[in-house]
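Scroll down for the structure; my scribbles are underneath it.
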Amino acid sequence: MSNRDGVGTAPGGRKRRPTRRPRPAPDGSSAPAPDPQGPGSPAGAQAPGSQPGALPQGRAAHAGAPSGAEPRGRTARGAKPSWRPSPGGSRAPRFAPLTPASVLGWTALSAIVPGAAHLRAGHRRTGLVLISVYAVLLLGALAYGLSVAGDLGNATIFVDPDTMLWVIILASVAGLAWFALMVTSYIVLRPHKLRKQGQILTGSLVGVLCVAVMSPFAVTAQYTVTARDAVKSIFGNPDDPDAPPRPTNPADPWNGKTRVNILLIGSDAAGNRIGVRTDSMNVASIDVKTGNTVLFSLPRNLQHVRFPPSSPLRKQFPNGYMAELPNGGLLNEVWQYANDHPDIMHGHNKGPRALMDAIGYTLNLDIDYYAMMSMFGFADLVDAIGGLRIRVERDIKWGGHYGTAGTIKAGYRKLSGEEALWYGRSRVDSDDFSRMSRQRCVIAAFAQQATPGVILARFNRIAGAAKRLAQTNIPEDLLQPLAGLAVKVKDAKITSLQFVPPEFYSGRPDWVKIRQATRKAITDSTRPARRPQAATARPSTGATGATGATGAPTATATRQPVAPTQTPTRNTDHAAAQSIDDICGI
């Protein structure tokens, strides 16, 4: 037939296209024949040979695809798309598309639970590893925290300079690691798929988050650097050439001693004064096993103290320090005298050694270490901890010689550093002995209120004040044992004994009575705290030993007490060591 007869033409006079051979499917089977009517076929028309109700070509392709398969790329119109079955024959789970808020949320969650963002992004193995490592570290830190809460002694390791160095290194590494974790958590969430505004917003906020996450590690490292610097400055190079030897046995840092005696000195040195005057002198005698402590307060105007045979000043003053001067030879002058006479002391800066010898011989104790702080440095420390709350028994005028700066009213008061300093130093309408009583209350209040939490919160200021104004001969190697001992003292029984009138007369001291009171107070401090009065010292009347011209004891190798001399106090008078809490109302 010809085209005129309508053969080979489609309805409407159009030329009919020849039927194309179907393409082979990937599995080798033949694909369904294409629609012979083409895109111009009337709606609802069926191709020749097709079954009624059959789906069109495009739908048939989807209907015939295997379950769980995915199309591979785009296909031309009328062609069957290629399908790729997912592993296991099932469709993989899909999350909702990420928004800027969800990207920020998952990244922030990774700061608390490392690996959360990796799990969300489908990196299961990496996410599980990060979570596992974090859980182990968190449990270890929690266990150590509980051990410290149960016993603060476990935290004393951090006062060791070598441990501090490791803390600085680990804090720095941990800060960098957490920064890297935040960056990788953000990247795995594919923020590049967000719009431009979302990318800028999320990138900026994640940068702020990285800085915030690193801040705790930076603060830890900075605090530790400050502490280590202060420790090195105070304990690393003591000025005293007679520094005690370093401990050789870590298991017994006190070399077999049952008590440690530390001389605590408050110096009133200032820019308008020459030399060092030891205005406040207290000896803390501490039981190394229990922490029970006796605080002995010696008046600054204690006259004509004696020196042990080992001291070069014994030859210079055989009858007592400047005994030839009736109103001279005060205890607070010994330090500066030794520093001013290196020819007599056989060396420079022998003031600490001379004062330790004099006080130790007076109390019949071996003074192991000393620690001195300027009074004005103590005021800085009080300000650093936020002030001291003290019970003021009566109004105290302060400022200059006449108390023109102000008045500290009686009652429970919170004193600033300057007020606490003047509360302990003011002589207006008072005397040295009343001032000594106030000073020991200031020291006790500071020891009680300088809690670990307060020290941590104000650490930089405290370390700075101590670094500038403290001096000691305590070896650096003893810091950790000493910190452990301080933890015991904080919860132990503390008693105090002052050598002041009317029990003790500083103008012509009864050396035997002082020694007996010291021994009695120490003995009673080892007993269970059953009574507020810890001890009652009774001077003996028949002690053996020689006396000098003024009645002071002569030196012996065993430091035996000597016969008492005539003093304004009777031998039947009692000198009692009392509880600091009862005295100061703490």
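So you can find residues: chains in the structure tokens are A, B, ... in the order shown, residues in each start at 1, and ligands are numbered from 1 in order.
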>> Need to verify the contact set: Leu119 in chain A, 10 Å, only C-alpha atoms, exclusion of same-chain residues closer than 3 positions in sequence. Can you return it as an MDAnalysis selection string?
In response: chainID A and resid 106 114:116 122:128 131 185 188:189
>> Excluding Leu263 in chain A and its own-chain neighbours fewer than 2 positions away, which residues fall within 6 Å of it when counting only C-alpha atoms? Please give them as an MDAnalysis selection string.
In response: chainID A and resid 282:283 370
Selection above as a file: C-alpha atoms, as a PDB file, in the first residue's frame:
```pdb
ATOM      1  CA  ASN A 282      53.613  32.096 117.551  1.00  0.00           C
ATOM      2  CA  VAL A 283      54.796  28.504 117.627  1.00  0.00           C
ATOM      3  CA  TYR A 370      59.626  29.062 110.254  1.00  0.00           C
TER       4      TYR A 370
END
```
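CA of Ala218 in chain A sits 29.4 Å away from CA of Arg120 in chain A.
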> Hey, what's within 7 Å of range 277-281 of chain A if we count only C-alpha atoms and toss same-chain stuff fewer than 3 positions away? As an MDAnalysis selection string, please?
Replying inline: chainID A and resid 264:269 297:298 300 332:333 336
